$ cat my_file_21.txt   # compact mmCIF, C-alpha atoms
# COMPACT_ATOMS: atom_id res chain seq x y z
CA MET A 1 0.00 0.00 0.00
CA ASN A 2 1.49 3.33 -0.98
CA ARG A 3 2.14 6.21 1.40
CA THR A 4 1.61 3.92 4.36
CA TRP A 5 2.13 4.29 8.10
CA THR A 6 2.23 8.07 8.23
CA ARG A 7 1.98 10.54 11.08
CA PRO A 8 1.60 8.32 14.15
CA ARG A 9 0.35 9.95 17.32
CA THR A 10 3.55 10.30 19.36
CA ALA A 11 6.71 12.26 18.63
CA ALA A 12 8.85 9.11 18.49
CA ARG A 13 6.49 7.44 16.06
CA ARG A 14 6.26 10.61 13.94
CA ALA A 15 10.04 10.63 13.60
CA GLY A 16 10.16 6.98 12.63
CA ALA A 17 7.37 7.32 10.08
CA ALA A 18 8.72 10.36 8.22
CA ALA A 19 10.77 8.37 5.73
CA LEU A 20 7.85 6.03 5.07
CA LEU A 21 5.61 8.87 3.85
CA ALA A 22 7.37 8.81 0.47
CA ALA A 23 6.48 5.17 -0.23
CA VAL A 24 4.91 5.14 -3.69
CA VAL A 25 6.03 2.23 -5.84
CA ALA A 26 5.96 3.62 -9.36
CA GLY A 27 9.02 2.41 -11.17
CA ALA A 28 12.34 4.04 -11.86
CA VAL A 29 13.36 1.93 -14.82
CA GLY A 30 16.96 2.67 -15.58
CA ALA A 31 20.16 1.24 -16.94
CA ALA A 32 21.38 -2.08 -15.62
CA ALA A 33 22.80 -1.70 -12.15
CA PRO A 34 26.16 -3.07 -11.12
CA GLY A 35 25.83 -6.28 -9.19
CA ALA A 36 26.79 -9.90 -9.21
CA ALA A 37 27.60 -11.27 -12.67
CA ALA A 38 24.75 -13.77 -12.65
CA ARG A 39 24.86 -16.05 -15.65
CA GLY A 40 22.48 -18.56 -17.12
CA ALA A 41 23.12 -22.13 -18.09
CA GLU A 42 24.85 -21.08 -21.33
CA GLY A 43 27.07 -18.53 -19.63
CA ALA A 44 25.15 -15.46 -20.82
CA LEU A 45 24.64 -12.62 -18.38
CA ASP A 46 21.17 -12.84 -16.82
CA PRO A 47 20.06 -9.21 -16.29
CA VAL A 48 17.11 -10.23 -14.12
CA GLN A 49 19.27 -12.22 -11.74
CA SER A 50 21.82 -9.39 -11.71
CA ARG A 51 19.17 -6.98 -10.51
CA LEU A 52 18.00 -9.37 -7.78
CA ASP A 53 21.59 -9.96 -6.69
CA ALA A 54 22.16 -6.20 -6.56
CA LEU A 55 19.11 -5.79 -4.35
CA VAL A 56 20.62 -8.23 -1.87
CA GLU A 57 24.36 -7.63 -2.18
CA ARG A 58 24.41 -3.88 -2.71
CA ASP A 59 21.07 -2.59 -1.48
CA GLY A 60 20.77 -4.69 1.67
CA VAL A 61 17.46 -6.38 0.86
CA PRO A 62 17.20 -9.72 2.73
CA GLY A 63 15.37 -11.54 -0.07
CA ALA A 64 14.08 -10.88 -3.58
CA LEU A 65 12.14 -12.82 -6.18
CA ALA A 66 11.12 -12.43 -9.83
CA TYR A 67 8.58 -14.70 -11.53
CA ASP A 68 7.72 -14.37 -15.22
CA GLY A 69 5.20 -17.17 -15.53
CA ARG A 70 7.79 -19.81 -16.37
CA THR A 71 10.98 -19.04 -14.50
CA THR A 72 11.45 -18.18 -10.84
CA ARG A 73 14.62 -16.34 -9.90
CA THR A 74 15.55 -15.57 -6.30
CA ALA A 75 18.30 -13.94 -4.30
CA GLY A 76 18.97 -13.80 -0.59
CA VAL A 77 17.03 -15.62 2.10
CA ALA A 78 13.46 -15.87 3.34
CA ASP A 79 14.50 -15.71 7.00
CA THR A 80 17.63 -13.96 8.24
CA ALA A 81 17.56 -15.87 11.52
CA THR A 82 17.61 -19.33 9.99
CA GLY A 83 19.07 -18.71 6.53
CA ARG A 84 16.07 -20.46 4.96
CA PRO A 85 16.19 -20.07 1.16
CA MET A 86 13.99 -17.45 -0.44
CA VAL A 87 10.47 -18.70 -1.18
CA GLY A 88 9.38 -19.43 -4.74
CA ALA A 89 6.43 -18.45 -6.91
CA GLU A 90 3.93 -20.06 -4.52
CA GLY A 91 5.10 -18.11 -1.47
CA ARG A 92 2.60 -15.57 -0.17
CA TYR A 93 3.19 -11.86 0.42
CA ARG A 94 1.13 -8.76 1.09
CA MET A 95 0.05 -7.28 -2.23
CA ALA A 96 -0.19 -3.76 -0.77
CA SER A 97 -1.40 -1.21 -3.34
CA ASN A 98 -1.69 -3.76 -6.12
CA THR A 99 -5.00 -4.37 -4.33
CA LYS A 100 -6.25 -1.16 -5.97
CA ALA A 101 -6.37 -2.90 -9.34
CA PHE A 102 -8.79 -5.48 -7.91
CA THR A 103 -10.93 -2.74 -6.36
CA ALA A 104 -10.96 -0.68 -9.56
CA THR A 105 -11.87 -3.74 -11.63
CA ALA A 106 -14.74 -4.52 -9.25
CA VAL A 107 -16.04 -0.95 -9.56
CA MET A 108 -15.79 -1.09 -13.35
CA ARG A 109 -17.84 -4.30 -13.35
CA LEU A 110 -20.55 -2.36 -11.53
CA VAL A 111 -20.24 0.45 -14.07
CA ALA A 112 -20.56 -2.07 -16.91
CA ALA A 113 -23.67 -3.54 -15.27
CA GLY A 114 -25.26 -0.10 -15.02
CA GLY A 115 -25.19 0.11 -11.24
CA VAL A 116 -22.63 2.93 -11.09
CA ARG A 117 -22.03 5.98 -13.28
CA LEU A 118 -18.45 7.19 -13.61
CA ASP A 119 -19.33 10.88 -13.66
CA ALA A 120 -21.98 10.71 -10.96
CA PRO A 121 -21.24 12.41 -7.65
CA ALA A 122 -19.50 9.86 -5.47
CA ALA A 123 -21.81 10.95 -2.64
CA ARG A 124 -24.63 9.15 -4.47
CA TYR A 125 -22.95 5.90 -3.42
CA VAL A 126 -20.93 7.07 -0.39
CA PRO A 127 -23.09 9.55 1.54
CA GLN A 128 -20.13 10.64 3.67
CA LEU A 129 -18.75 12.38 0.57
CA ALA A 130 -21.68 14.79 0.40
CA GLY A 131 -20.45 18.31 -0.28
CA THR A 132 -17.07 17.28 -1.66
CA GLY A 133 -18.01 17.51 -5.35
CA VAL A 134 -15.95 14.38 -6.05
CA THR A 135 -17.03 11.99 -8.80
CA VAL A 136 -16.52 8.24 -9.05
CA ARG A 137 -14.13 8.74 -11.95
CA GLN A 138 -11.99 11.08 -9.85
CA LEU A 139 -11.73 8.50 -7.09
CA LEU A 140 -10.54 5.88 -9.59
CA LYS A 141 -8.03 8.25 -11.22
CA GLN A 142 -6.64 9.70 -7.96
CA THR A 143 -7.73 13.20 -8.96
CA SER A 144 -10.27 13.80 -6.18
CA GLY A 145 -8.09 15.94 -3.93
CA LEU A 146 -9.17 13.96 -0.87
CA PRO A 147 -6.38 14.07 1.74
CA GLU A 148 -4.46 10.94 2.71
CA TYR A 149 -6.28 9.39 5.65
CA LEU A 150 -3.21 7.36 6.65
CA GLN A 151 -1.64 10.58 7.90
CA PHE A 152 -4.13 10.64 10.73
CA VAL A 153 -4.47 6.97 11.72
CA ASP A 154 -3.60 5.80 15.21
CA TRP A 155 -2.25 2.32 14.44
CA SER A 156 -2.45 1.30 18.09
CA ARG A 157 -6.16 0.63 17.57
CA GLY A 158 -8.44 -0.40 14.74
CA ALA A 159 -11.37 1.51 13.27
CA THR A 160 -14.14 1.07 10.72
CA GLU A 161 -13.76 2.21 7.12
CA GLU A 162 -16.34 4.92 7.79
CA GLU A 163 -14.24 6.17 10.70
CA TYR A 164 -11.09 6.15 8.58
CA LEU A 165 -12.87 8.16 5.88
CA ALA A 166 -14.07 10.62 8.51
CA LEU A 167 -10.45 11.20 9.52
CA ALA A 168 -9.68 12.42 6.00
CA LEU A 169 -12.86 14.45 5.65
CA ASP A 170 -12.11 16.29 8.89
CA HIS A 171 -9.25 18.00 7.01
CA PRO A 172 -9.20 20.36 4.02
CA ALA A 173 -8.93 18.87 0.54
CA ASP A 174 -5.47 18.91 -1.03
CA PHE A 175 -6.91 20.52 -4.18
CA GLU A 176 -10.20 21.02 -6.00
CA PRO A 177 -11.65 17.82 -7.49
CA GLY A 178 -10.19 17.22 -10.94
CA ALA A 179 -7.67 20.05 -10.68
CA ARG A 180 -4.67 17.74 -10.69
CA TRP A 181 -3.42 14.28 -9.76
CA GLY A 182 -2.54 13.35 -6.19
CA TYR A 183 -2.11 9.81 -4.90
CA SER A 184 -4.27 9.13 -1.86
CA ASN A 185 -5.35 5.82 -0.36
CA THR A 186 -8.52 7.62 0.72
CA ASN A 187 -9.82 7.31 -2.85
CA TYR A 188 -9.81 3.51 -2.68
CA LEU A 189 -11.07 3.46 0.89
CA ALA A 190 -14.10 5.31 -0.49
CA LEU A 191 -14.43 2.95 -3.46
CA GLY A 192 -14.61 0.02 -1.07
CA LEU A 193 -17.56 1.72 0.64
CA LEU A 194 -19.10 2.37 -2.78
CA ILE A 195 -19.05 -1.36 -3.59
CA LYS A 196 -20.72 -2.11 -0.27
CA HIS A 197 -23.44 0.49 -0.88
CA VAL A 198 -24.23 -0.68 -4.42
CA THR A 199 -24.03 -4.46 -3.90
CA GLY A 200 -25.19 -4.78 -0.32
CA GLU A 201 -22.17 -6.91 0.53
CA ASP A 202 -18.73 -6.13 1.87
CA TYR A 203 -16.25 -5.31 -0.90
CA ARG A 204 -14.10 -8.22 0.27
CA THR A 205 -16.97 -10.63 -0.32
CA TYR A 206 -17.84 -9.07 -3.66
CA ILE A 207 -14.25 -9.22 -4.93
CA GLU A 208 -13.88 -12.81 -3.73
CA ARG A 209 -17.11 -13.79 -5.47
CA THR A 210 -16.54 -11.98 -8.77
CA LEU A 211 -12.76 -11.98 -9.23
CA ILE A 212 -10.76 -14.18 -6.88
CA GLY A 213 -13.09 -17.19 -7.03
CA PRO A 214 -13.77 -17.28 -10.79
CA LEU A 215 -10.05 -16.87 -11.55
CA HIS A 216 -9.21 -19.72 -9.13
CA LEU A 217 -6.72 -17.57 -7.26
CA LYS A 218 -6.54 -20.14 -4.48
CA ASP A 219 -3.64 -18.46 -2.68
CA THR A 220 -5.11 -14.94 -2.69
CA TYR A 221 -7.16 -13.85 0.32
CA TRP A 222 -8.30 -10.99 2.53
CA PRO A 223 -6.86 -11.25 6.06
CA ALA A 224 -9.46 -11.67 8.75
CA LYS A 225 -9.98 -8.97 11.34
CA ASP A 226 -7.19 -9.06 13.94
CA GLU A 227 -5.23 -11.58 11.81
CA LEU A 228 -1.58 -10.53 11.86
CA ALA A 229 0.29 -13.50 10.38
CA ILE A 230 0.53 -14.53 6.72
CA ARG A 231 -0.98 -17.93 5.99
CA GLY A 232 0.97 -20.70 4.30
CA PRO A 233 4.55 -20.53 2.96
CA HIS A 234 6.05 -17.05 2.98
CA ALA A 235 9.23 -15.12 3.59
CA ARG A 236 9.77 -13.01 6.68
CA ASN A 237 9.59 -9.24 6.23
CA TYR A 238 11.92 -6.63 7.66
CA GLY A 239 11.38 -2.93 8.14
CA VAL A 240 10.65 -0.11 10.57
CA SER A 241 7.62 -0.86 12.72
CA PRO A 242 4.94 1.85 12.72
CA VAL A 243 4.33 1.13 16.38
CA ASP A 244 7.97 1.26 17.54
CA PRO A 245 10.12 3.05 14.93
CA GLY A 246 12.81 3.69 17.51
CA ALA A 247 13.68 0.00 17.40
CA GLY A 248 15.04 0.39 13.86
CA VAL A 249 14.70 -2.38 11.28
CA THR A 250 13.02 -5.42 12.82
CA ASP A 251 10.88 -8.36 11.74
CA VAL A 252 7.54 -6.82 10.71
CA THR A 253 5.96 -9.88 9.10
CA GLU A 254 2.96 -9.62 11.39
CA LEU A 255 0.84 -6.62 10.42
CA PRO A 256 -2.89 -5.77 10.72
CA GLY A 257 -3.65 -6.60 7.10
CA TYR A 258 -7.42 -6.31 7.53
CA GLU A 259 -7.03 -2.61 8.28
CA PHE A 260 -5.37 -1.93 4.90
CA GLY A 261 -8.71 -2.64 3.24
CA ALA A 262 -9.69 -1.91 -0.36
CA SER A 263 -6.56 0.13 -0.98
CA GLY A 264 -3.98 -2.42 0.14
CA GLY A 265 -5.23 -5.44 2.08
CA LEU A 266 -4.90 -8.49 -0.19
CA VAL A 267 -2.37 -11.29 0.29
CA THR A 268 -1.32 -13.24 -2.81
CA THR A 269 1.48 -15.16 -4.58
CA PRO A 270 3.45 -14.31 -7.74
CA LYS A 271 1.52 -16.99 -9.65
CA ASP A 272 -1.84 -15.61 -8.59
CA GLN A 273 -0.89 -12.01 -9.18
CA ASN A 274 0.38 -12.77 -12.70
CA ALA A 275 -2.82 -14.71 -13.38
CA PHE A 276 -4.86 -11.65 -12.40
CA TRP A 277 -2.85 -9.31 -14.67
CA ASN A 278 -3.25 -11.74 -17.56
CA ALA A 279 -6.99 -12.02 -16.99
CA LEU A 280 -7.54 -8.28 -16.63
CA PHE A 281 -5.43 -7.08 -19.54
CA GLY A 282 -6.36 -10.12 -21.61
CA GLY A 283 -9.97 -8.92 -21.59
CA ARG A 284 -11.47 -11.70 -19.46
CA LEU A 285 -12.83 -9.56 -16.63
CA LEU A 286 -14.39 -6.52 -18.28
CA PRO A 287 -16.02 -5.48 -21.55
CA GLY A 288 -13.52 -3.99 -23.98
CA TRP A 289 -14.77 -0.42 -23.53
CA ALA A 290 -14.45 -0.67 -19.75
CA LEU A 291 -10.87 -1.94 -19.94
CA ARG A 292 -10.03 0.80 -22.46
CA ALA A 293 -11.37 3.39 -20.02
CA MET A 294 -9.09 2.01 -17.28
CA THR A 295 -6.01 2.23 -19.50
CA HIS A 296 -6.79 5.18 -21.80
CA ASP A 297 -8.41 7.73 -19.48
CA THR A 298 -5.08 8.39 -17.85
CA THR A 299 -2.98 11.12 -16.27
CA ASP A 300 0.67 11.77 -17.06
CA VAL A 301 2.45 11.16 -13.74
CA GLY A 302 6.01 10.98 -15.09
CA GLY A 303 8.45 12.64 -12.74
CA GLN A 304 5.99 12.77 -9.84
CA ASP A 305 6.98 10.96 -6.66
CA THR A 306 8.90 7.92 -7.93
CA TYR A 307 7.16 7.53 -11.29
CA PRO A 308 9.62 7.64 -14.21
CA GLU A 309 9.08 9.84 -17.23
CA GLY A 310 6.49 8.32 -19.53
CA SER A 311 4.37 6.79 -16.75
CA ARG A 312 0.60 7.24 -16.77
CA TYR A 313 -2.03 6.49 -14.11
CA GLY A 314 -5.47 5.19 -15.09
CA TYR A 315 -8.14 3.55 -12.95
CA GLY A 316 -6.24 1.63 -10.27
CA VAL A 317 -3.57 0.66 -12.81
CA ALA A 318 -0.54 2.46 -14.18
CA SER A 319 1.73 2.13 -17.20
CA PHE A 320 5.52 2.11 -16.95
CA PRO A 321 7.88 2.51 -19.90
CA LEU A 322 10.01 -0.45 -20.97
CA SER A 323 13.60 -0.11 -22.12
CA CYS A 324 12.81 -2.39 -25.08
CA GLY A 325 9.94 -0.18 -26.22
CA GLY A 326 6.31 0.12 -25.25
CA ALA A 327 5.17 -0.18 -21.67
CA TYR A 328 3.81 -2.55 -19.10
CA TRP A 329 0.61 -2.15 -17.13
CA GLY A 330 0.29 -2.99 -13.47
CA HIS A 331 0.51 -1.06 -10.23
CA GLY A 332 2.99 -1.48 -7.40
CA GLY A 333 2.85 -1.61 -3.66
CA ASP A 334 4.77 -0.93 -0.47
CA LEU A 335 4.38 -1.75 3.17
CA PRO A 336 6.97 -1.84 5.91
CA GLY A 337 8.75 -5.07 5.08
CA GLY A 338 7.89 -5.49 1.44
CA SER A 339 7.70 -3.96 -2.04
CA VAL A 340 6.03 -5.39 -5.12
CA ALA A 341 6.39 -4.38 -8.76
CA GLY A 342 5.30 -5.81 -12.08
CA GLY A 343 2.41 -6.30 -14.44
CA ARG A 344 1.71 -7.28 -18.04
CA ALA A 345 3.51 -5.81 -21.01
CA ASP A 346 1.38 -4.24 -23.71
CA ARG A 347 0.41 -6.41 -26.66
CA GLY A 348 0.55 -9.42 -24.34
CA ARG A 349 4.34 -9.61 -24.32
CA GLY A 350 4.59 -11.28 -20.93
CA THR A 351 3.80 -10.84 -17.25
CA VAL A 352 6.12 -10.55 -14.27
CA THR A 353 6.00 -10.07 -10.50
CA VAL A 354 9.03 -8.85 -8.55
CA TYR A 355 8.92 -8.90 -4.76
CA THR A 356 11.34 -7.88 -2.01
CA THR A 357 11.26 -8.61 1.71
CA THR A 358 11.89 -5.04 2.78
CA TRP A 359 10.72 -1.64 1.63
CA ALA A 360 12.37 -0.79 -1.70
CA ALA A 361 10.69 2.43 -2.81
CA GLU A 362 13.72 4.67 -2.97
CA GLY A 363 17.15 5.09 -4.53
CA ASP A 364 19.08 2.10 -5.84
CA ARG A 365 16.57 -0.31 -4.35
CA LEU A 366 13.78 1.14 -6.46
CA ALA A 367 15.94 1.18 -9.58
CA ASP A 368 16.88 -2.46 -9.07
CA LEU A 369 13.32 -3.53 -8.21
CA GLN A 370 11.85 -1.92 -11.31
CA GLY A 371 14.91 -2.85 -13.35
CA ALA A 372 14.27 -6.52 -12.62
CA ALA A 373 10.70 -6.18 -13.90
CA ASP A 374 11.92 -4.37 -17.00
CA ALA A 375 14.64 -6.95 -17.68
CA ALA A 376 12.24 -9.88 -17.29
CA LEU A 377 9.60 -8.41 -19.57
CA CYS A 378 12.10 -7.36 -22.22
CA ALA A 379 13.78 -10.78 -22.11
CA LYS A 380 10.37 -12.41 -22.57
CA ASP A 381 9.68 -10.12 -25.52
CA ARG A 382 12.98 -11.02 -27.21
CA THR A 383 12.37 -14.73 -26.61
CA ASP A 384 8.87 -14.62 -28.09
CA ARG A 385 10.01 -12.63 -31.13
CA GLY A 386 12.79 -15.14 -31.73
CA ARG A 387 10.43 -18.09 -31.98
$ encode --input "my_file_21.txt" --output "C-alpha cells"
Amino acid sequence: MNRTWTRPRTAARRAGAAALLAAVVAGAVGAAAPGAAARGAEGALDPVQSRLDALVERDGVPGALAYDGRTTRTAGVADTATGRPMVGAEGRYRMASNTKAFTATAVMRLVAAGGVRLDAPAARYVPQLAGTGVTVRQLLKQTSGLPEYLQFVDWSRGATEEEYLALALDHPADFEPGARWGYSNTNYLALGLLIKHVTGEDYRTYIERTLIGPLHLKDTYWPAKDELAIRGPHARNYGVSPVDPGAGVTDVTELPGYEFGASGGLVTTPKDQNAFWNALFGGRLLPGWALRAMTHDTTDVGGQDTYPEGSRYGYGVASFPLSCGGAYWGHGGDLPGGSVAGGRADRGRGTVTVYTTTWAAEGDRLADLQGAADAALCAKDRTDRGR
C-alpha cells in the first residue's frame, strides 16, 4: 500500500514514520545496475538475476524474487535468523497497493452492469462524501483531492472504514476535485464503501465472489480482522515498525492486514498475481470499452513521486515505460517489510511479478526492483520474437 504508516500519534512514532511517507512504488526503470555477474546455463549474463543480486548484495534487501510465468529467480534468504532459502512463486506476500487494481476492476464491473455511473457524484454511493463535489471517476483516477487518511491513523487501535474516511474528511482537501493528480489511499477506501453500498455486501466478499473465485486464485485472500500472520509458505519481512520506529529495522511480518482494506489489504502469490494481470489485460474480466477506459483515461504522472518519465495512471492501474519499447501495465505496492512491482507488457508480451522482503521504494533499491521487472519483460519479448 502506498504512502503507508504516516503521522503516528507520538513524537517518536512521527520521527520513525517520516521516511515512510514517500512510499509510492511507481518504477524508476533505468540502466542495468552493477551487481553480481549472474549467468544462465549457457554462460550469458542474466540481467534479471543481476538486478535481484544487486538488491541483496548492494542494497541490503534480505530476499528478492522475480517470476515471469515460467521461471522463478531468487536472491537472498526468506528468513535472516535461519538462513532459509527465499520462497518461490507459490510463497505468499502482502500485495499492498496492487490491491487497488482489484478494487478498480470490481467498480468497473458495476459500471458495466449499469449500477454505477463514472461521472456521478460519489456521494450518491458514499453519503459521507456529500459536499465534496468528487465523482466516481476522480476516485478511480486519484484526482479527487481527498487528503491521505493514513496521515491521521492511530495504528495502536483499529477503526471502521467509515471512521477512517471521517479522519480524511475532517481535514481540508489537497486541491479542488479534478484540478490535478494526487495519490491518496482515501480514494480507494471510499471505493470500497461504494461497492458495499451498491451491492449490499462487503467489498471483500464481492471481490472474492466476482474476481478471486472465478479466476481460481486459491492463494489470494483478505486477512481476517485481527489476523496478523501470513498464511501458508512465505518469507519473513523486515522494516521499521509503525508502532515502535525507535527499534530500527526489525521483523515486521505480522501486520494488521485487515485494516489496509480496499486500498492495500490483499495477500497473494506471484503466480496468482500474474494470473490476475493476464486475466484483466487479456480482456477476461471486463467489456472492452471498460478496460479501455481504465487504460486510456489516464494522467501523465512521469516525474511525480517515484514515477519515471512516460508513466501514466489510469483507474487503479498504471503504465511504466520499458527499455525495449512500449510499456507494461500494473501497479505497485509498499508496506513496511515489502515492495512489489510488475504487471503485463502491452500487446501481451509477458507478465512478471518482482517482490522484495523489505521496503524498496527509494534510490538504488527502487531502480533495481523496477529494473528486474523491465529486464524480465524485455527478455520475454525477445524470446517470443525469436520463436
$ atom_distance --input "my_file_21.txt" --atom1 "CA of Leu140 in chain A" --atom2 "CA of Tyr315 in chain A"
4.7 Å
$ closest_atom_pairs --input "my_file_21.txt" --of "range 234-307 of chain A" --to "range 66-86 of chain A" --cutoff "8 Å" --atoms "all atoms listed in the file" --output "CSV"
residue,atom,partner,partner_atom,distance
A:His234,CA,A:Ala78,CA,7.5
A:Ala235,CA,A:Ala78,CA,4.3
A:Arg236,CA,A:Asp79,CA,5.5
A:Pro270,CA,A:Tyr67,CA,6.4
A:Lys271,CA,A:Gly69,CA,6.9
A:Asn274,CA,A:Gly69,CA,7.1
$ residues_around --input "my_file_21.txt" --residues "Val249 in chain A" --least-positions-apart "5" --cutoff "7 Å" --atoms "only C-alpha atoms" --output "VMD selection string"
chain A and resid 238 to 240
$ atom_distance --input "my_file_21.txt" --atom1 "CA of Thr186 in chain A" --atom2 "CA of Ala101 in chain A"
14.7 Å
$ residues_near_point --input "my_file_21.txt" --point "(2.3, -3.4, -5.6)" --cutoff "9 Å" --atoms "only C-alpha atoms" --output "PyMOL selection string"
chain A and resi 1-2+25-26+94-100+264+330-334+339-342+355
$ write_last_selection --input "my_file_21.txt" --atoms "C-alpha atoms" --output "tab-separated table (two decimals), in the frame of the given file"
chain	number	residue	atom	x	y	z
A	1	MET	CA	0.00	0.00	0.00
A	2	ASN	CA	1.49	3.33	-0.98
A	25	VAL	CA	6.03	2.23	-5.84
A	26	ALA	CA	5.96	3.62	-9.36
A	94	ARG	CA	1.13	-8.76	1.09
A	95	MET	CA	0.05	-7.28	-2.23
A	96	ALA	CA	-0.19	-3.76	-0.77
A	97	SER	CA	-1.40	-1.21	-3.34
A	98	ASN	CA	-1.69	-3.76	-6.12
A	99	THR	CA	-5.00	-4.37	-4.33
A	100	LYS	CA	-6.25	-1.16	-5.97
A	264	GLY	CA	-3.98	-2.42	0.14
A	330	GLY	CA	0.29	-2.99	-13.47
A	331	HIS	CA	0.51	-1.06	-10.23
A	332	GLY	CA	2.99	-1.48	-7.40
A	333	GLY	CA	2.85	-1.61	-3.66
A	334	ASP	CA	4.77	-0.93	-0.47
A	339	SER	CA	7.70	-3.96	-2.04
A	340	VAL	CA	6.03	-5.39	-5.12
A	341	ALA	CA	6.39	-4.38	-8.76
A	342	GLY	CA	5.30	-5.81	-12.08
A	355	TYR	CA	8.92	-8.90	-4.76
$ closest_residue --input "my_file_21.txt" --among "A:Thr210, A:Thr220, A:Ser241, A:Thr105" --to "Glu90 in chain A" --atoms "all atoms listed in the file"
A:Thr220
$ residues_around --input "my_file_21.txt" --residues "Ala279 in chain A" --least-positions-apart "6" --cutoff "10 Å" --atoms "only C-alpha atoms" --output "ChimeraX atom specification"
/A:211,215,273,285-286,344
$ residues_around --input "my_file_21.txt" --residues "Val48 in chain A" --least-positions-apart "5" --cutoff "9 Å" --atoms "only C-alpha atoms" --output "PyMOL selection string"
chain A and resi 38+53+66+73+371-376+379
$ atom_distance --input "my_file_21.txt" --atom1 "CA of Asp170 in chain A" --atom2 "CA of Tyr125 in chain A"
19.4 Å
$ closest_residue --input "my_file_21.txt" --among "A:Asp244, A:Asp59, A:Glu254, A:Asp219" --to "Asp368 in chain A" --atoms "only C-alpha atoms"
A:Asp59
$ closest_residue --input "my_file_21.txt" --among "A:Ala89, A:Leu255, A:Leu146, A:Leu55" --to "Ala179 in chain A" --atoms "only C-alpha atoms"
A:Leu146
$ closest_residue --input "my_file_21.txt" --among "A:Val111, A:Ala275, A:Leu191, A:Cys378" --to "Trp289 in chain A" --atoms "all atoms listed in the file"
A:Val111
$ closest_residue --input "my_file_21.txt" --among "A:His216, A:Gly115, A:Gly182, A:Gly265" --to "Leu228 in chain A" --atoms "only C-alpha atoms"
A:Gly265
$ residues_around --input "my_file_21.txt" --residues "Arg347 in chain A" --least-positions-apart "3" --cutoff "10 Å" --atoms "all atoms listed in the file" --output "list in words"
Phe281, Gly282, Gly326, Ala327, Tyr328, Arg344 and Gly350 of chain A
$ closest_residue --input "my_file_21.txt" --among "A:Asp154, A:Glu148, A:Asp46, A:Asp297" --to "Ser184 in chain A" --atoms "all atoms listed in the file"
A:Glu148
$ axis_aligned_box --input "my_file_21.txt" --around "range 342-360 of chain A" --padding-each-side "8 Å" --output "lines of an AutoDock Vina configuration file"
center_x = 6.4
center_y = -6.0
center_z = -11.9
size_x = 28.0
size_y = 26.5
size_z = 45.4
$ residues_near_point --input "my_file_21.txt" --point "(-11.4, 19.6, 0.5)" --cutoff "7 Å" --atoms "all atoms listed in the file" --output "number ranges by chain"
A: 132, 145-146, 172-176
$ decode --input "my_file_21.txt" --residues "range 263-274 of chain A" --atoms "N, CA, C and O atoms" --output "mmCIF file, in the first residue's frame"
data_model
loop_
_atom_site.group_PDB
_atom_site.id
_atom_site.type_symbol
_atom_site.label_atom_id
_atom_site.label_comp_id
_atom_site.auth_asym_id
_atom_site.auth_seq_id
_atom_site.Cartn_x
_atom_site.Cartn_y
_atom_site.Cartn_z
ATOM 1 N N SER A 263 -7.703 -0.526 -0.342
ATOM 2 C CA SER A 263 -6.560 0.130 -0.980
ATOM 3 C C SER A 263 -5.279 -0.679 -0.866
ATOM 4 O O SER A 263 -4.311 -0.395 -1.580
ATOM 5 N N GLY A 264 -5.245 -1.718 0.006
ATOM 6 C CA GLY A 264 -3.975 -2.423 0.138
ATOM 7 C C GLY A 264 -3.995 -3.695 0.941
ATOM 8 O O GLY A 264 -2.943 -4.145 1.390
ATOM 9 N N GLY A 265 -5.148 -4.357 1.124
ATOM 10 C CA GLY A 265 -5.233 -5.439 2.077
ATOM 11 C C GLY A 265 -4.960 -6.843 1.590
ATOM 12 O O GLY A 265 -4.726 -7.743 2.404
ATOM 13 N N LEU A 266 -4.982 -7.112 0.287
ATOM 14 C CA LEU A 266 -4.901 -8.488 -0.189
ATOM 15 C C LEU A 266 -3.533 -9.128 0.026
ATOM 16 O O LEU A 266 -2.492 -8.468 -0.044
ATOM 17 N N VAL A 267 -3.568 -10.432 0.267
ATOM 18 C CA VAL A 267 -2.373 -11.286 0.292
ATOM 19 C C VAL A 267 -2.447 -12.191 -0.933
ATOM 20 O O VAL A 267 -3.526 -12.656 -1.316
ATOM 21 N N THR A 268 -1.307 -12.448 -1.582
ATOM 22 C CA THR A 268 -1.323 -13.242 -2.809
ATOM 23 C C THR A 268 0.007 -13.963 -2.988
ATOM 24 O O THR A 268 0.840 -14.002 -2.077
ATOM 25 N N THR A 269 0.210 -14.547 -4.165
ATOM 26 C CA THR A 269 1.476 -15.158 -4.583
ATOM 27 C C THR A 269 1.835 -14.617 -5.956
ATOM 28 O O THR A 269 0.975 -14.088 -6.675
ATOM 29 N N PRO A 270 3.095 -14.737 -6.384
ATOM 30 C CA PRO A 270 3.448 -14.310 -7.745
ATOM 31 C C PRO A 270 2.607 -14.995 -8.818
ATOM 32 O O PRO A 270 2.190 -14.364 -9.789
ATOM 33 N N LYS A 271 2.336 -16.286 -8.654
ATOM 34 C CA LYS A 271 1.522 -16.992 -9.646
ATOM 35 C C LYS A 271 0.133 -16.405 -9.734
ATOM 36 O O LYS A 271 -0.403 -16.168 -10.830
ATOM 37 N N ASP A 272 -0.491 -16.168 -8.586
ATOM 38 C CA ASP A 272 -1.839 -15.615 -8.590
ATOM 39 C C ASP A 272 -1.852 -14.189 -9.129
ATOM 40 O O ASP A 272 -2.757 -13.807 -9.881
ATOM 41 N N GLN A 273 -0.875 -13.390 -8.730
ATOM 42 C CA GLN A 273 -0.886 -12.005 -9.183
ATOM 43 C C GLN A 273 -0.703 -11.939 -10.696
ATOM 44 O O GLN A 273 -1.388 -11.170 -11.386
ATOM 45 N N ASN A 274 0.216 -12.741 -11.240
ATOM 46 C CA ASN A 274 0.384 -12.772 -12.695
ATOM 47 C C ASN A 274 -0.889 -13.240 -13.387
ATOM 48 O O ASN A 274 -1.253 -12.732 -14.456
#
